[in-house]
Amino acid sequence: QALHAEIAGIKFDDIFLNASGVHCQTTAELDELLATKGTGAIITKSATSAYRAGNPSPRLSKIPLGSINSMGLPNEGLDYYLDYVTTKQADKPMLLSVAGVSYTENLDILHKVQDSSFMGITELNLSCPNVPGKPQTAYDFETTERLLTEVFAFFTKPLGVKMPPYFDIVHFDDMAKILNKFPLAHVNTINSIGNGLWINEDTDTVVIKPKGGFGGIGGALAKPTALANVRAFRQRLNPTIKMIGTGGVVNGRDVYEHILCGADLVSVGTQLQFEGPSMFARLEQELLAIMAEKGYTSVDDFRGQLKIIE
Ligand SMILES: C=Cc1c(C(=O)O)[nH]c(=O)[nH]c1=O
């Protein structure tokens, strides 16, 4: 298997999946991803306890070299996604993303997942930048440690976390020390680069309505930060904690670079948003071509093998 991976004993026959939030809010979207050639797994939109309409539109915009979004955590509610991942007959793993808008909601949601029949991987989103008035949990180091301590006191199923980008080496050190205290299945990095701003040059107006135009930045613009976070956490985390690389993937070379930095799986958001699910077959073909060119028969041959200048 050239493009294989394993997280928490769950095997993936392909390394690609959607980034949570993109093409995964409804069962129709999730079904389409399951049926898409090249996806090794799918992940749901981050679920809150109850349905959320999210922020007013326009709340997502394509910008040169990427995207900006302030969706505001629109989703159908936890029961909708729990029902889907526990009843859908799928031939590939389904990951459940969850995101409480408060500390206690995170605990409530994870108790419900623990008590459900879902046996797959849950991803706790600690990095939603777009809920007005709510800070990203993962930028609060003490709260992150306290939350994970409380969660692992009762949660016994596979659990990963979705992290925001960090921009300071000491932050990589300190957050990795915290994450290494817990039996995490995976770390998924990065979420969008929070609270960017884009201006329409014809109208001198912001391009999204919520938060006066502030929103998370994704796409090619995010790749340098994404690769750095994958690399930094791979270098610091226990090898038992697997890595999902997210951010800036447009082509096979970008996928190859995420794997060089240590990614086990690679998720794609912005490019999927604008190209659609046929993108996955293209990425797979482009990655396999690069691997063939270099004489690699498996991702195991080069994962984490980024070279530095001695
Ligand atoms: C779950 C909320 C998120 C959203 C959102 O729903 O606004 N956008 C992102 O770029 N990342 C998120 O984690």
# chains A, B, ... in the order shown; residues from 1 in each chain; ligands from 1
call {"tool": "residues_near_ligand", "arguments": {"ligand": "ligand 1", "cutoff": "7 Å", "atoms": "only C-alpha atoms and all ligand atoms", "output": "PDB file with N, CA and C atoms, in the first residue's frame"}}
result
ATOM      1  N   GLY A  21     -15.136  21.030   8.130  1.00  0.00           N
ATOM      2  CA  GLY A  21     -15.746  22.320   7.791  1.00  0.00           C
ATOM      3  C   GLY A  21     -16.025  22.437   6.311  1.00  0.00           C
ATOM      4  N   SER A  46     -17.318  20.294  12.451  1.00  0.00           N
ATOM      5  CA  SER A  46     -17.287  20.278  13.913  1.00  0.00           C
ATOM      6  C   SER A  46     -18.696  20.439  14.468  1.00  0.00           C
ATOM      7  N   ASN A  69     -12.583  32.910   5.886  1.00  0.00           N
ATOM      8  CA  ASN A  69     -13.913  32.486   6.310  1.00  0.00           C
ATOM      9  C   ASN A  69     -14.184  32.873   7.745  1.00  0.00           C
ATOM     10  N   SER A  70     -15.470  33.198   7.983  1.00  0.00           N
ATOM     11  CA  SER A  70     -15.930  33.352   9.360  1.00  0.00           C
ATOM     12  C   SER A  70     -17.307  32.711   9.435  1.00  0.00           C
ATOM     13  N   MET A  71     -17.332  31.385   9.210  1.00  0.00           N
ATOM     14  CA  MET A  71     -18.593  30.656   9.128  1.00  0.00           C
ATOM     15  C   MET A  71     -19.395  30.742  10.430  1.00  0.00           C
ATOM     16  N   GLY A  72     -18.671  30.700  11.550  1.00  0.00           N
ATOM     17  CA  GLY A  72     -19.356  30.802  12.847  1.00  0.00           C
ATOM     18  C   GLY A  72     -19.891  29.479  13.350  1.00  0.00           C
ATOM     19  N   LEU A  73     -19.242  28.413  12.922  1.00  0.00           N
ATOM     20  CA  LEU A  73     -19.546  27.068  13.434  1.00  0.00           C
ATOM     21  C   LEU A  73     -20.969  26.606  13.103  1.00  0.00           C
ATOM     22  N   PRO A  74     -21.409  26.836  11.841  1.00  0.00           N
ATOM     23  CA  PRO A  74     -22.727  26.302  11.467  1.00  0.00           C
ATOM     24  C   PRO A  74     -22.648  24.784  11.407  1.00  0.00           C
ATOM     25  N   ALA A  99     -16.804  20.499  18.594  1.00  0.00           N
ATOM     26  CA  ALA A  99     -16.302  21.808  19.041  1.00  0.00           C
ATOM     27  C   ALA A  99     -17.338  22.474  19.925  1.00  0.00           C
ATOM     28  N   ASN A 125     -11.932  19.920  18.315  1.00  0.00           N
ATOM     29  CA  ASN A 125     -11.469  21.147  17.669  1.00  0.00           C
ATOM     30  C   ASN A 125     -11.224  22.212  18.736  1.00  0.00           C
ATOM     31  N   SER A 127      -9.645  25.022  18.070  1.00  0.00           N
ATOM     32  CA  SER A 127      -9.059  26.134  17.304  1.00  0.00           C
ATOM     33  C   SER A 127     -10.045  26.879  16.418  1.00  0.00           C
ATOM     34  N   CYS A 128     -11.334  26.899  16.793  1.00  0.00           N
ATOM     35  CA  CYS A 128     -12.263  27.646  15.951  1.00  0.00           C
ATOM     36  C   CYS A 128     -12.075  29.142  16.237  1.00  0.00           C
ATOM     37  N   PRO A 129     -11.710  29.911  15.198  1.00  0.00           N
ATOM     38  CA  PRO A 129     -11.399  31.334  15.422  1.00  0.00           C
ATOM     39  C   PRO A 129     -12.592  32.267  15.234  1.00  0.00           C
ATOM     40  N   ASN A 130     -13.769  31.693  14.954  1.00  0.00           N
ATOM     41  CA  ASN A 130     -14.839  32.558  14.436  1.00  0.00           C
ATOM     42  C   ASN A 130     -16.111  32.613  15.253  1.00  0.00           C
ATOM     43  N   VAL A 131     -16.044  32.215  16.533  1.00  0.00           N
ATOM     44  CA  VAL A 131     -17.244  32.346  17.365  1.00  0.00           C
ATOM     45  C   VAL A 131     -17.095  33.651  18.142  1.00  0.00           C
ATOM     46  N   ASN A 191      -5.338  24.514  11.771  1.00  0.00           N
ATOM     47  CA  ASN A 191      -6.622  25.114  11.422  1.00  0.00           C
ATOM     48  C   ASN A 191      -6.305  26.415  10.685  1.00  0.00           C
ATOM     49  N   SER A 192      -7.304  27.128  10.246  1.00  0.00           N
ATOM     50  CA  SER A 192      -7.044  28.380   9.504  1.00  0.00           C
ATOM     51  C   SER A 192      -6.245  29.361  10.381  1.00  0.00           C
ATOM     52  N   GLY A 216     -10.699  33.483   9.203  1.00  0.00           N
ATOM     53  CA  GLY A 216      -9.578  32.558   9.133  1.00  0.00           C
ATOM     54  C   GLY A 216      -9.068  32.441   7.704  1.00  0.00           C
TER      55      GLY A 216
END
call {"tool": "closest_atom_pairs", "arguments": {"of": "region 103-190 of chain A", "to": "region 224-246 of chain A", "cutoff": "10 Å", "atoms": "only C-alpha atoms", "output": "tab-separated table"}}
result
residue	atom	partner	partner_atom	distance
A:Gly160	CA	A:Ile241	CA	8.6
A:Val161	CA	A:Ile244	CA	9.8
A:Lys162	CA	A:Ile244	CA	8.9
A:Met163	CA	A:Asn229	CA	9.3
A:Pro164	CA	A:Asn229	CA	9.0
A:Pro165	CA	A:Asn229	CA	6.5
A:Tyr166	CA	A:Asn229	CA	6.9
A:Phe167	CA	A:Thr225	CA	7.8
A:Ile169	CA	A:Ala232	CA	8.2
A:Phe172	CA	A:Ala232	CA	6.5
A:Asp173	CA	A:Arg236	CA	7.2
A:Asp174	CA	A:Arg236	CA	9.9
A:Met175	CA	A:Phe233	CA	8.8
A:Ala176	CA	A:Leu237	CA	5.9
A:Lys177	CA	A:Leu237	CA	7.8
A:Ile178	CA	A:Leu237	CA	9.7
A:Leu179	CA	A:Leu237	CA	7.5
A:Asn180	CA	A:Leu237	CA	6.0
A:Lys181	CA	A:Asn238	CA	9.4
A:Phe182	CA	A:Ile241	CA	9.2
A:Pro183	CA	A:Ile241	CA	7.5
A:Leu184	CA	A:Ile241	CA	5.8
A:Ala185	CA	A:Ile241	CA	5.4
A:His186	CA	A:Lys242	CA	4.4
A:Val187	CA	A:Met243	CA	5.1
A:Asn188	CA	A:Ile244	CA	4.4
A:Thr189	CA	A:Gly245	CA	5.5
A:Ile190	CA	A:Thr246	CA	5.3
call {"tool": "closest_atom_pairs", "arguments": {"of": "region 205-277 of chain A", "to": "region 47-59 of chain A", "cutoff": "8 Å", "atoms": "only C-alpha atoms", "output": "CSV"}}
result
residue,atom,partner,partner_atom,distance
A:Val207,CA,A:Pro58,CA,7.5
A:Ile208,CA,A:Arg59,CA,4.9
A:Lys209,CA,A:Pro58,CA,5.4
A:Pro210,CA,A:Asn55,CA,6.2
call {"tool": "atom_distance", "arguments": {"atom1": "CA of Gln1 (chain A)", "atom2": "CA of Gly248 (chain A)"}}
result
25.2 Å
call {"tool": "residues_around", "arguments": {"residues": "Phe12 (chain A)", "least_positions_apart": "2", "cutoff": "12 Å", "atoms": "only C-alpha atoms", "output": "list in words"}}
result
Gln1, Ala2, Leu3, His4, Ala5, Glu6, Ile7, Ala8, Gly9, Ile10, Asp14, Ile15, Phe16, Leu17, Gly38, Thr39, Gly40, Ala41, Ile42, Asp91, Lys92, Pro93, Met94, Leu95, Asp264, Leu265 and Val266 of chain A
call {"tool": "atom_distance", "arguments": {"atom1": "CA of Glu284 (chain A)", "atom2": "CA of Gly262 (chain A)"}}
result
17.6 Å
call {"tool": "closest_residue", "arguments": {"among": "A:Asn106, A:Thr36, A:Ser117, A:Ser61", "to": "Asp83 (chain A)", "atoms": "only C-alpha atoms"}}
result
A:Ser117
call {"tool": "atom_distance", "arguments": {"atom1": "CA of Asp108 (chain A)", "atom2": "CA of His171 (chain A)"}}
result
28.3 Å
